[in-house]
file target.cif (mmCIF, C-alpha atoms and all ligand atoms)
data_query
#
loop_
_atom_site.label_atom_id
_atom_site.label_comp_id
_atom_site.auth_asym_id
_atom_site.auth_seq_id
_atom_site.Cartn_x
_atom_site.Cartn_y
_atom_site.Cartn_z
CA MET F 876 106.86 105.09 156.30
CA THR F 877 108.70 105.20 152.94
CA ARG F 878 107.24 107.77 150.57
CA ASP F 879 105.83 106.37 147.34
CA ALA F 880 107.18 107.86 144.15
CA VAL F 881 105.97 108.71 140.66
CA VAL F 882 108.30 108.29 137.70
CA PHE F 883 107.92 110.77 134.85
CA TYR F 884 108.89 110.10 131.23
CA SER F 885 108.08 112.27 128.21
CA LYS F 886 110.02 113.85 125.39
CA PHE F 887 107.26 116.44 124.91
CA ASP F 888 106.00 117.43 128.34
CA ASP F 889 107.81 119.68 130.82
CA PRO F 890 108.92 117.71 133.90
CA VAL F 891 109.42 120.87 135.97
CA ALA F 892 105.87 122.08 135.37
CA TRP F 893 104.53 118.61 136.20
CA ARG F 894 106.70 118.32 139.32
CA ASN F 895 105.46 121.69 140.61
CA ALA F 896 101.83 120.99 139.75
CA LEU F 897 101.81 117.53 141.32
CA GLN F 898 103.72 118.54 144.43
CA ALA F 899 101.20 121.31 145.07
CA GLU F 900 98.52 118.58 145.17
CA LEU F 901 100.51 115.78 146.82
CA PRO F 902 103.44 117.16 148.86
CA ASP F 903 104.19 113.66 150.21
CA LEU F 904 104.72 112.15 146.75
CA LYS F 905 108.30 111.77 145.53
CA PHE F 906 108.70 112.89 141.89
CA CYS F 907 111.51 111.45 139.81
CA VAL F 908 112.31 111.97 136.16
CA ALA F 909 113.54 108.97 134.16
CA PRO F 910 116.30 107.94 133.79
CA ASP F 911 117.36 109.70 137.02
CA ILE F 912 115.85 107.31 139.58
CA ASP F 913 117.53 106.54 142.89
CA ASP F 914 114.96 104.10 144.31
CA SER F 915 113.02 102.14 141.69
CA VAL F 916 111.34 100.01 144.39
CA ALA F 917 109.55 103.10 145.74
CA VAL F 918 108.05 103.88 142.33
CA ARG F 919 104.33 103.04 142.47
CA HIS F 920 103.07 105.35 139.73
CA ALA F 921 104.26 106.11 136.21
CA LEU F 922 103.29 109.36 134.44
CA VAL F 923 104.39 108.73 130.89
CA TRP F 924 104.17 109.55 127.20
CA LYS F 925 105.64 106.91 124.87
CA PRO F 926 108.36 105.53 127.19
CA PRO F 927 110.94 103.20 125.57
CA THR F 928 110.33 99.45 125.33
CA GLY F 929 111.05 97.68 128.61
CA PHE F 930 110.59 100.89 130.64
CA PHE F 931 108.04 99.49 133.08
CA SER F 932 110.02 96.36 134.02
CA ALA F 933 112.43 98.48 136.13
CA PHE F 934 109.66 99.17 138.65
CA PRO F 935 108.56 96.03 140.53
CA ASN F 936 105.94 97.82 142.68
CA LEU F 937 104.15 99.75 139.95
CA ALA F 938 100.43 100.14 140.77
CA LEU F 939 99.27 102.77 138.24
CA VAL F 940 100.23 103.95 134.75
CA ILE F 941 98.99 107.41 133.75
CA ASN F 942 99.14 108.29 130.06
CA LEU F 943 100.27 111.90 129.52
CA GLY F 944 97.51 112.55 127.00
CA ALA F 945 93.92 111.64 126.13
CA GLY F 946 94.68 109.14 123.36
CA VAL F 947 96.04 105.84 124.70
CA ASP F 948 96.41 104.02 121.36
CA SER F 949 100.22 103.84 121.50
CA LEU F 950 100.18 102.76 125.17
CA VAL F 951 97.61 99.96 124.98
CA ALA F 952 99.19 98.58 121.79
CA ARG F 953 102.45 97.79 123.68
CA ASP F 954 103.24 94.22 124.66
CA ASP F 955 105.30 95.25 127.72
CA LEU F 956 102.53 96.97 129.65
CA PRO F 957 102.27 95.78 133.29
CA ASP F 958 98.95 94.42 134.51
CA VAL F 959 98.00 97.51 136.57
CA PRO F 960 95.23 100.10 136.12
CA ILE F 961 95.78 102.64 133.35
CA SER F 962 94.49 106.18 133.53
CA ARG F 963 94.60 108.92 130.90
CA LEU F 964 94.40 112.68 131.01
CA SER F 965 91.16 114.50 130.55
CA ASP F 966 90.37 117.90 131.98
CA ASP F 967 88.27 120.97 131.36
CA GLY F 968 91.14 122.84 129.72
CA MET F 969 91.63 120.06 127.19
CA VAL F 970 87.91 119.91 126.48
CA SER F 971 87.63 123.65 125.92
CA LEU F 972 90.67 123.74 123.62
CA MET F 973 89.23 120.92 121.48
CA THR F 974 85.79 122.53 121.45
CA SER F 975 87.33 125.79 120.21
CA TYR F 976 89.22 123.95 117.44
CA VAL F 977 86.12 122.10 116.23
CA LEU F 978 83.93 125.21 116.40
CA PHE F 979 86.52 127.15 114.40
CA ALA F 980 86.92 124.44 111.75
CA VAL F 981 83.19 123.75 111.32
CA ILE F 982 82.12 127.40 111.29
CA ARG F 983 84.87 128.22 108.80
CA TYR F 984 83.13 125.83 106.41
CA ALA F 985 79.56 126.67 107.40
CA ARG F 986 80.29 130.36 106.64
CA ASP F 987 82.19 129.64 103.36
CA ILE F 988 85.35 131.28 104.73
CA PRO F 989 87.81 129.26 102.56
CA ALA F 990 86.05 130.60 99.44
CA PHE F 991 86.54 134.18 100.71
CA GLU F 992 90.19 133.49 101.59
CA ARG F 993 90.76 132.34 98.00
CA ALA F 994 88.74 135.21 96.53
CA GLN F 995 90.72 137.74 98.58
CA ARG F 996 93.96 136.42 97.09
CA ARG F 997 92.40 137.22 93.65
CA ARG F 998 91.16 140.68 94.91
CA GLU F 999 87.65 139.50 94.09
CA TRP F 1000 84.42 140.60 95.85
CA HIS F 1001 82.95 137.10 95.83
CA TYR F 1002 79.47 137.24 97.37
CA ILE F 1003 78.04 133.91 98.56
CA HIS F 1004 74.64 134.22 100.20
CA PRO F 1005 74.99 132.85 103.75
CA ARG F 1006 72.94 129.80 104.60
CA ALA F 1007 70.96 129.35 107.80
CA LEU F 1008 73.08 127.30 110.19
CA SER F 1009 70.07 125.13 111.02
CA GLY F 1010 70.16 123.87 107.42
CA ILE F 1011 73.76 122.68 107.64
CA LYS F 1012 74.16 119.07 108.75
CA VAL F 1013 77.20 118.20 110.83
CA GLY F 1014 78.11 114.67 111.92
CA VAL F 1015 80.35 114.14 114.96
CA LEU F 1016 81.92 110.68 115.23
CA GLY F 1017 82.85 109.99 118.86
CA LEU F 1018 80.88 111.43 121.76
CA GLY F 1019 83.32 111.01 124.64
CA GLU F 1020 84.80 113.77 126.79
CA LEU F 1021 85.82 115.75 123.72
CA GLY F 1022 83.20 114.80 121.12
CA SER F 1023 80.19 115.36 123.39
CA ALA F 1024 81.34 118.88 124.34
CA ALA F 1025 82.14 119.75 120.72
CA ALA F 1026 78.78 118.41 119.48
CA ALA F 1027 76.91 120.35 122.17
CA ALA F 1028 78.76 123.57 121.26
CA LEU F 1029 78.02 123.12 117.54
CA ALA F 1030 74.33 122.60 118.34
CA GLN F 1031 74.41 125.66 120.62
CA VAL F 1032 75.38 127.92 117.70
CA GLY F 1033 72.46 126.53 115.71
CA LEU F 1034 73.94 123.86 113.44
CA ASN F 1035 72.01 120.66 112.72
CA VAL F 1036 74.15 118.13 114.62
CA THR F 1037 74.06 114.34 114.67
CA GLY F 1038 76.47 112.53 116.98
CA TRP F 1039 77.62 108.93 116.74
CA ALA F 1040 79.15 106.69 119.40
CA ARG F 1041 79.31 103.02 120.37
CA THR F 1042 76.64 103.42 123.06
CA GLU F 1043 73.53 105.60 123.37
CA LYS F 1044 74.02 109.19 124.54
CA THR F 1045 71.84 112.15 125.45
CA ILE F 1046 73.31 115.55 124.55
CA PRO F 1047 71.13 118.68 124.51
CA GLY F 1048 70.32 119.77 120.95
CA VAL F 1049 72.16 116.83 119.36
CA ARG F 1050 70.54 113.88 117.62
CA CYS F 1051 72.53 110.93 118.99
CA VAL F 1052 72.77 107.53 117.35
CA ALA F 1053 74.86 104.53 118.29
CA GLY F 1054 76.46 101.45 116.85
CA ARG F 1055 78.10 100.40 113.60
CA ALA F 1056 74.75 99.79 111.86
CA THR F 1057 73.95 103.51 112.02
CA LEU F 1058 77.32 104.79 110.78
CA ASP F 1059 76.55 104.83 107.05
CA SER F 1060 73.42 106.91 107.52
CA VAL F 1061 75.27 109.46 109.69
CA ILE F 1062 78.03 109.77 107.08
CA ALA F 1063 75.59 109.98 104.16
CA GLN F 1064 73.79 112.99 105.63
CA SER F 1065 76.83 114.93 106.90
CA GLU F 1066 77.91 117.93 104.85
CA ILE F 1067 80.60 118.40 107.48
CA LEU F 1068 82.01 115.33 109.23
CA VAL F 1069 84.06 115.69 112.42
CA ILE F 1070 86.17 112.79 113.70
CA LEU F 1071 86.75 112.64 117.45
CA LEU F 1072 87.11 108.89 117.94
CA PRO F 1073 89.95 107.10 119.71
CA LEU F 1074 92.24 104.97 117.55
CA THR F 1075 91.44 101.33 118.36
CA PRO F 1076 91.39 98.08 116.36
CA ASP F 1077 87.72 98.90 115.60
CA THR F 1078 88.30 102.44 114.38
CA ARG F 1079 91.58 102.00 112.47
CA GLY F 1080 90.75 102.72 108.81
CA LEU F 1081 87.06 103.20 109.72
CA ILE F 1082 86.74 106.06 107.24
CA GLY F 1083 87.92 104.41 104.03
CA ALA F 1084 87.13 104.89 100.34
CA ARG F 1085 83.62 103.42 100.78
CA GLU F 1086 82.74 105.74 103.67
CA LEU F 1087 84.21 108.81 101.94
CA ALA F 1088 82.10 107.98 98.87
CA LEU F 1089 79.00 107.90 101.10
CA LEU F 1090 79.53 111.55 102.09
CA PRO F 1091 77.48 114.04 100.04
CA ARG F 1092 79.48 115.44 97.10
CA GLY F 1093 81.35 118.57 98.24
CA ALA F 1094 81.50 117.45 101.87
CA LYS F 1095 84.07 118.74 104.33
CA LEU F 1096 86.08 116.48 106.64
CA ILE F 1097 87.63 117.48 109.97
CA ASN F 1098 89.94 114.98 111.68
CA ALA F 1099 91.10 116.12 115.11
CA ALA F 1100 91.61 112.62 116.49
CA ARG F 1101 94.14 110.22 114.95
CA GLY F 1102 95.39 110.01 111.37
CA ALA F 1103 95.02 106.24 111.05
CA ILE F 1104 91.23 106.42 111.53
CA VAL F 1105 91.05 107.79 107.98
CA ASP F 1106 92.48 105.95 104.96
CA GLU F 1107 94.85 108.75 103.83
CA PRO F 1108 95.32 107.59 100.20
CA ALA F 1109 91.52 107.30 99.88
CA LEU F 1110 91.12 110.80 101.30
CA ILE F 1111 93.68 112.17 98.84
CA ALA F 1112 91.81 110.50 95.96
CA ALA F 1113 88.49 111.96 97.20
CA LEU F 1114 90.06 115.44 97.45
CA ARG F 1115 91.51 115.10 93.94
CA SER F 1116 88.15 114.06 92.49
CA GLY F 1117 86.40 116.93 94.27
CA HIS F 1118 84.06 114.56 96.09
CA ILE F 1119 85.54 115.95 99.31
CA ALA F 1120 85.69 119.73 98.87
CA GLU F 1121 87.71 120.68 101.94
CA ALA F 1122 89.51 119.08 104.86
CA THR F 1123 90.92 120.27 108.16
CA LEU F 1124 93.47 117.79 109.48
CA ASP F 1125 95.27 117.89 112.82
CA ALA F 1126 96.40 114.25 112.93
CA PHE F 1127 98.20 112.13 110.34
CA MET F 1128 99.42 108.57 109.70
CA ILE F 1129 103.01 109.85 109.98
CA GLU F 1130 103.83 112.80 112.25
CA PRO F 1131 105.42 115.22 111.65
CA LEU F 1132 103.84 115.13 108.18
CA PRO F 1133 106.87 114.74 105.82
CA PRO F 1134 107.56 117.75 103.52
CA GLU F 1135 107.05 115.60 100.40
CA HIS F 1136 103.61 114.39 101.54
CA PRO F 1137 100.89 115.06 98.92
CA LEU F 1138 98.49 116.51 101.52
CA TRP F 1139 100.67 119.65 101.70
CA THR F 1140 99.88 120.41 98.05
CA PHE F 1141 96.11 120.97 98.41
CA ASP F 1142 94.99 124.55 98.93
CA ASN F 1143 91.64 123.21 100.14
CA VAL F 1144 93.28 121.32 103.03
CA LEU F 1145 94.08 123.11 106.28
CA ILE F 1146 96.89 121.35 108.13
CA THR F 1147 97.60 121.95 111.81
CA PRO F 1148 100.47 120.16 113.60
CA HIS F 1149 98.58 117.98 116.10
CA LEU F 1150 97.64 120.64 118.62
CA ALA F 1151 93.86 120.75 118.47
CA SER F 1152 94.02 120.18 122.20
CA ILE F 1153 96.80 119.86 124.74
CA THR F 1154 97.10 119.36 128.47
CA VAL F 1155 98.13 122.08 130.84
CA PRO F 1156 99.83 120.45 133.88
CA GLU F 1157 98.28 122.90 136.36
CA GLN F 1158 94.79 121.82 135.23
CA ALA F 1159 95.44 118.11 134.73
CA ALA F 1160 97.45 117.58 137.95
CA ARG F 1161 94.32 117.71 140.10
CA ASP F 1162 92.90 114.56 138.48
CA VAL F 1163 96.30 112.84 138.34
CA ALA F 1164 96.70 113.46 142.09
CA GLU F 1165 93.20 112.17 142.75
CA SER F 1166 93.96 109.00 140.76
CA ILE F 1167 97.11 108.46 142.85
CA ARG F 1168 95.11 108.97 146.06
CA ARG F 1169 92.51 106.48 144.87
CA VAL F 1170 95.06 103.86 143.89
CA ARG F 1171 96.79 104.31 147.26
CA ALA F 1172 93.39 103.55 148.84
CA GLY F 1173 92.90 100.47 146.67
CA GLN F 1174 90.31 102.10 144.40
CA PRO F 1175 90.27 102.46 140.59
CA PRO F 1176 91.81 105.70 139.21
CA LEU F 1177 89.90 108.49 137.46
CA HIS F 1178 89.63 108.31 133.64
CA ALA F 1179 90.38 104.59 133.74
CA VAL F 1180 91.21 103.03 130.39
CA ASN F 1181 89.56 99.77 129.37
CA ARG F 1182 92.41 97.83 127.76
CA SER F 1183 90.31 95.33 125.88
CA ARG F 1184 88.17 98.13 124.38
CA GLY F 1185 91.34 100.10 123.61
CA TYR F 1186 90.19 103.45 125.05
P1 LIG K 1 86.75 109.21 125.02
O1 LIG K 1 87.34 107.89 125.32
O2 LIG K 1 86.18 110.03 126.14
O3 LIG K 1 85.58 109.04 123.94
C1 LIG K 1 85.67 108.21 122.84
C2 LIG K 1 84.33 108.23 122.10
O4 LIG K 1 84.45 107.44 120.91
C3 LIG K 1 83.20 107.62 122.92
O5 LIG K 1 82.02 108.32 122.69
C4 LIG K 1 83.10 106.22 122.36
O6 LIG K 1 81.81 105.65 122.44
C5 LIG K 1 83.42 106.47 120.91
N1 LIG K 1 83.89 105.24 120.28
C6 LIG K 1 85.00 104.52 120.56
N2 LIG K 1 85.08 103.43 119.77
C7 LIG K 1 83.98 103.46 118.98
C8 LIG K 1 83.47 102.61 117.97
N3 LIG K 1 84.12 101.49 117.61
N4 LIG K 1 82.30 102.93 117.38
C9 LIG K 1 81.64 104.07 117.76
N5 LIG K 1 82.06 104.91 118.71
C10 LIG K 1 83.22 104.60 119.31
O7 LIG K 1 87.87 110.04 124.24
P2 LIG K 1 88.07 111.62 124.17
O8 LIG K 1 86.79 112.24 123.75
O9 LIG K 1 88.73 112.11 125.39
O10 LIG K 1 89.17 111.72 122.99
C11 LIG K 1 88.91 111.18 121.70
C12 LIG K 1 90.22 111.08 120.93
O11 LIG K 1 90.66 112.37 120.55
C13 LIG K 1 91.39 110.53 121.75
O12 LIG K 1 91.36 109.12 121.79
C14 LIG K 1 92.58 111.04 120.99
O13 LIG K 1 93.00 110.11 120.03
C15 LIG K 1 92.05 112.29 120.28
N6 LIG K 1 92.69 113.49 120.79
C16 LIG K 1 93.31 114.32 119.89
C17 LIG K 1 93.92 115.47 120.32
C18 LIG K 1 94.54 116.41 119.35
O14 LIG K 1 95.18 117.37 119.76
N7 LIG K 1 94.36 116.21 118.07
C19 LIG K 1 93.97 115.83 121.74
C20 LIG K 1 93.26 114.93 122.59
C21 LIG K 1 92.65 113.79 122.11
P3 LIG K 1 81.15 105.28 123.87
O15 LIG K 1 80.99 106.60 124.59
O16 LIG K 1 79.86 104.69 123.48
O17 LIG K 1 82.10 104.36 124.55
#
call {"tool": "encode", "arguments": {"input": "target.cif", "output": "structure tokens"}}
result
Amino acid sequence: MTRDAVVFYSKFDDPVAWRNALQAELPDLKFCVAPDIDDSVAVRHALVWKPPTGFFSAFPNLALVINLGAGVDSLVARDDLPDVPISRLSDDGMVSLMTSYVLFAVIRYARDIPAFERAQRRREWHYIHPRALSGIKVGVLGLGELGSAAAAALAQVGLNVTGWARTEKTIPGVRCVAGRATLDSVIAQSEILVILLPLTPDTRGLIGARELALLPRGAKLINAARGAIVDEPALIAALRSGHIAEATLDAFMIEPLPPEHPLWTFDNVLITPHLASITVPEQAARDVAESIRRVRAGQPPLHAVNRSRGY
């Protein structure tokens, strides 16, 4: 029997690490790295991050596309995507990295750390009486693989956490609400707002000038999802006016963030270069291999993406 093959394409991920990790799971799978493909007919699976336009049409027997990341916004927005199941990455390593990022960013604000960082630069003993964490309201928008774990961890340290998603959820210690009609009330009560939504037609620009104005004065915003969920000019205006006191941003409308971008100029904005969470091939390969096994057996893959929903 001819071996089936997976084609790999990414400018960011290491093909050697992925080849080794996948071959440990599926020794019978042929691994080829685009554009070095000797038998495109044998390619049944594509493991890709932002392949060039027309990429998929070279593989007539494609049965599965696996997105080399959690966010599928750039993949599902393409008009050359074949009509095959799409899977995305999600694994414990990715969840724990994101949880650590969100815990760090929220606790930094809950414990007034930016004020001490600034005071230290002035050599000033700047005492701010700590507040009980239970009195600090945190909103988490998006309660999927990443948001639900982050919300649970924030509640675990004692913060007052409300989570928001499209559908109802149950997360220990977290007040969960669902649906667009509840969004304004979640925003209005969040001293610290964390964005962990996917970028879809529904969430693009979801946090605009109106929503930012709903936040309590002096609120802090943490966006670890996608830049385009937040209206960047509106955020800059809210930072300038002081309505938003602080922001931690890992994702931007344009990446890398250009040197002349105004967001670099705020000393109350912490910028990280889109690395809140990443995938380690050794951890993610197990689920990728299982998806390939399932598709070989005519079953849906793990972490299947719903194209019409956009995530
Ligand atoms: P999931 O698909 O598991 O979860 C998405 C969550 O968002 C779900 O709870 C979903 O609700 C909710 N949601 C989606 N659309 C809406 C809507 N219109 N209204 C309300 N809630 C909505 O995604 P992950 O948790 O795995 O990842 C979230 C995003 O994080 C990714 O899409 C990616 O963009 C970003 N990301 C960023 C990284 C970084 O390094 N900065 C790394 C990895 C991911 P429901 O559960 O009801 O369907």
call {"tool": "closest_residue", "arguments": {"input": "target.cif", "among": "F:Val881, F:Ile1129, F:Leu978, F:Ala952", "to": "Thr928 in chain F", "atoms": "only C-alpha atoms"}}
result
F:Ala952
call {"tool": "residues_near_ligand", "arguments": {"input": "target.cif", "ligand": "ligand LIG 1 (chain K)", "cutoff": "7 Å", "atoms": "only C-alpha atoms and all ligand atoms", "output": "VMD selection string"}}
result
chain F and resid 944 to 947 965 973 1016 to 1022 1039 to 1043 1053 to 1055 1071 to 1075 1077 to 1078 1099 to 1101 1125 to 1126 1149 to 1153 1186
call {"tool": "atom_distance", "arguments": {"input": "target.cif", "atom1": "CA of Asn942 in chain F", "atom2": "CA of Trp924 in chain F"}}
result
5.9 Å
call {"tool": "atom_distance", "arguments": {"input": "target.cif", "atom1": "CA of Ala1088 in chain F", "atom2": "CA of His1118 in chain F"}}
result
7.4 Å
call {"tool": "closest_residue", "arguments": {"input": "target.cif", "among": "F:Ile1111, F:Val1032, F:Ala1007, F:Ala1026", "to": "Arg1050 in chain F", "atoms": "only C-alpha atoms"}}
result
F:Ala1026
call {"tool": "atom_distance", "arguments": {"input": "target.cif", "atom1": "CA of Thr1123 in chain F", "atom2": "CA of Arg983 in chain F"}}
result
10.0 Å
call {"tool": "residues_around", "arguments": {"input": "target.cif", "residues": "Pro1076 in chain F", "least_positions_apart": "3", "cutoff": "9 Å", "atoms": "only C-alpha atoms", "output": "list in words"}}
result
Arg1079, Gly1080, Arg1184 and Gly1185 of chain F
call {"tool": "write_last_selection", "arguments": {"input": "target.cif", "atoms": "C-alpha atoms", "output": "compact mmCIF listing (two decimals), in the coordinates of the input"}}
result
# COMPACT_ATOMS: atom_id res chain seq x y z
CA ARG F 1079 91.58 102.00 112.47
CA GLY F 1080 90.75 102.72 108.81
CA ARG F 1184 88.17 98.13 124.38
CA GLY F 1185 91.34 100.10 123.61
call {"tool": "residues_around", "arguments": {"input": "target.cif", "residues": "Pro1175 in chain F", "least_positions_apart": "5", "cutoff": "9 Å", "atoms": "only C-alpha atoms", "output": "number ranges by chain"}}
result
F: 960, 1166, 1169-1170
call {"tool": "write_last_selection", "arguments": {"input": "target.cif", "atoms": "C-alpha atoms", "output": "short mmCIF file (atom, residue, chain, number, x, y, z; two decimals), in the frame of the given file"}}
result
data_model
loop_
_atom_site.label_atom_id
_atom_site.label_comp_id
_atom_site.auth_asym_id
_atom_site.auth_seq_id
_atom_site.Cartn_x
_atom_site.Cartn_y
_atom_site.Cartn_z
CA PRO F 960 95.23 100.10 136.12
CA SER F 1166 93.96 109.00 140.76
CA ARG F 1169 92.51 106.48 144.87
CA VAL F 1170 95.06 103.86 143.89
#
call {"tool": "axis_aligned_box", "arguments": {"input": "target.cif", "around": "range 1051-1060 of chain F", "padding_each_side": "4 Å", "output": "AutoDock Vina command-line options"}}
result
--center_x 75.3 --center_y 105.4 --center_z 113.0 --size_x 13.6 --size_y 19.1 --size_z 19.9
call {"tool": "closest_residue", "arguments": {"input": "target.cif", "among": "F:Val1155, F:Val891, F:Ala1122, F:Val1049", "to": "Met969 in chain F", "atoms": "only C-alpha atoms"}}
result
F:Val1155
call {"tool": "residues_around", "arguments": {"input": "target.cif", "residues": "Ser1065 in chain F", "least_positions_apart": "2", "cutoff": "6 Å", "atoms": "all atoms listed in the file", "output": "PyMOL selection string"}}
result
chain F and resi 1012-1014+1062-1063+1067-1068
call {"tool": "write_last_selection", "arguments": {"input": "target.cif", "atoms": "C-alpha atoms", "output": "mmCIF file, in the coordinates of the input"}}
result
data_model
loop_
_atom_site.group_PDB
_atom_site.id
_atom_site.type_symbol
_atom_site.label_atom_id
_atom_site.label_comp_id
_atom_site.auth_asym_id
_atom_site.auth_seq_id
_atom_site.Cartn_x
_atom_site.Cartn_y
_atom_site.Cartn_z
ATOM 1 C CA LYS F 1012 74.160 119.070 108.750
ATOM 2 C CA VAL F 1013 77.200 118.200 110.830
ATOM 3 C CA GLY F 1014 78.110 114.670 111.920
ATOM 4 C CA ILE F 1062 78.030 109.770 107.080
ATOM 5 C CA ALA F 1063 75.590 109.980 104.160
ATOM 6 C CA ILE F 1067 80.600 118.400 107.480
ATOM 7 C CA LEU F 1068 82.010 115.330 109.230
#
call {"tool": "residues_around", "arguments": {"input": "target.cif", "residues": "Ala980 in chain F", "least_positions_apart": "5", "cutoff": "10 Å", "atoms": "all atoms listed in the file", "output": "number ranges by chain"}}
result
F: 974-975, 985, 988, 1067, 1069, 1095-1099, 1122-1124, 1145
call {"tool": "build_atoms", "arguments": {"input": "target.cif", "residues": "range 1009-1028 of chain F", "atoms": "N, CA and C atoms", "output": "CSV table (one decimal), in the coordinates of the input"}}
result
chain,number,residue,atom,x,y,z
F,1009,SER,N,70.9,126.3,110.7
F,1009,SER,CA,70.1,125.1,111.0
F,1009,SER,C,69.9,124.2,109.8
F,1010,GLY,N,70.3,124.7,108.6
F,1010,GLY,CA,70.2,123.9,107.4
F,1010,GLY,C,71.5,123.1,107.1
F,1011,ILE,N,72.5,123.3,107.9
F,1011,ILE,CA,73.8,122.7,107.6
F,1011,ILE,C,74.0,121.5,108.6
F,1012,LYS,N,74.1,120.3,108.0
F,1012,LYS,CA,74.2,119.1,108.8
F,1012,LYS,C,75.6,118.7,109.1
F,1013,VAL,N,75.9,118.6,110.4
F,1013,VAL,CA,77.2,118.2,110.8
F,1013,VAL,C,77.1,116.9,111.5
F,1014,GLY,N,78.0,116.0,111.2
F,1014,GLY,CA,78.1,114.7,111.9
F,1014,GLY,C,79.3,114.7,112.8
F,1015,VAL,N,79.2,114.2,114.0
F,1015,VAL,CA,80.4,114.1,115.0
F,1015,VAL,C,80.5,112.7,115.3
F,1016,LEU,N,81.6,112.1,114.9
F,1016,LEU,CA,81.9,110.7,115.2
F,1016,LEU,C,82.7,110.6,116.5
F,1017,GLY,N,82.2,110.0,117.6
F,1017,GLY,CA,82.8,110.0,118.9
F,1017,GLY,C,82.2,111.0,119.8
F,1018,LEU,N,81.6,110.5,120.8
F,1018,LEU,CA,80.9,111.4,121.8
F,1018,LEU,C,81.4,111.2,123.2
F,1019,GLY,N,82.7,111.2,123.3
F,1019,GLY,CA,83.3,111.0,124.6
F,1019,GLY,C,83.5,112.4,125.3
F,1020,GLU,N,84.5,112.5,126.1
F,1020,GLU,CA,84.8,113.8,126.8
F,1020,GLU,C,84.9,114.9,125.8
F,1021,LEU,N,85.6,114.7,124.7
F,1021,LEU,CA,85.8,115.8,123.7
F,1021,LEU,C,84.7,115.9,122.7
F,1022,GLY,N,84.2,114.8,122.2
F,1022,GLY,CA,83.2,114.8,121.1
F,1022,GLY,C,81.9,115.3,121.7
F,1023,SER,N,81.5,114.9,122.9
F,1023,SER,CA,80.2,115.4,123.4
F,1023,SER,C,80.2,116.9,123.6
F,1024,ALA,N,81.3,117.4,124.1
F,1024,ALA,CA,81.3,118.9,124.3
F,1024,ALA,C,81.3,119.6,123.0
F,1025,ALA,N,82.1,119.1,122.0
F,1025,ALA,CA,82.1,119.8,120.7
F,1025,ALA,C,80.8,119.7,120.0
F,1026,ALA,N,80.1,118.5,120.1
F,1026,ALA,CA,78.8,118.4,119.5
F,1026,ALA,C,77.8,119.4,120.1
F,1027,ALA,N,77.8,119.5,121.5
F,1027,ALA,CA,76.9,120.4,122.2
F,1027,ALA,C,77.2,121.8,121.8
F,1028,ALA,N,78.4,122.2,121.6
F,1028,ALA,CA,78.8,123.6,121.3
F,1028,ALA,C,78.3,123.9,119.8
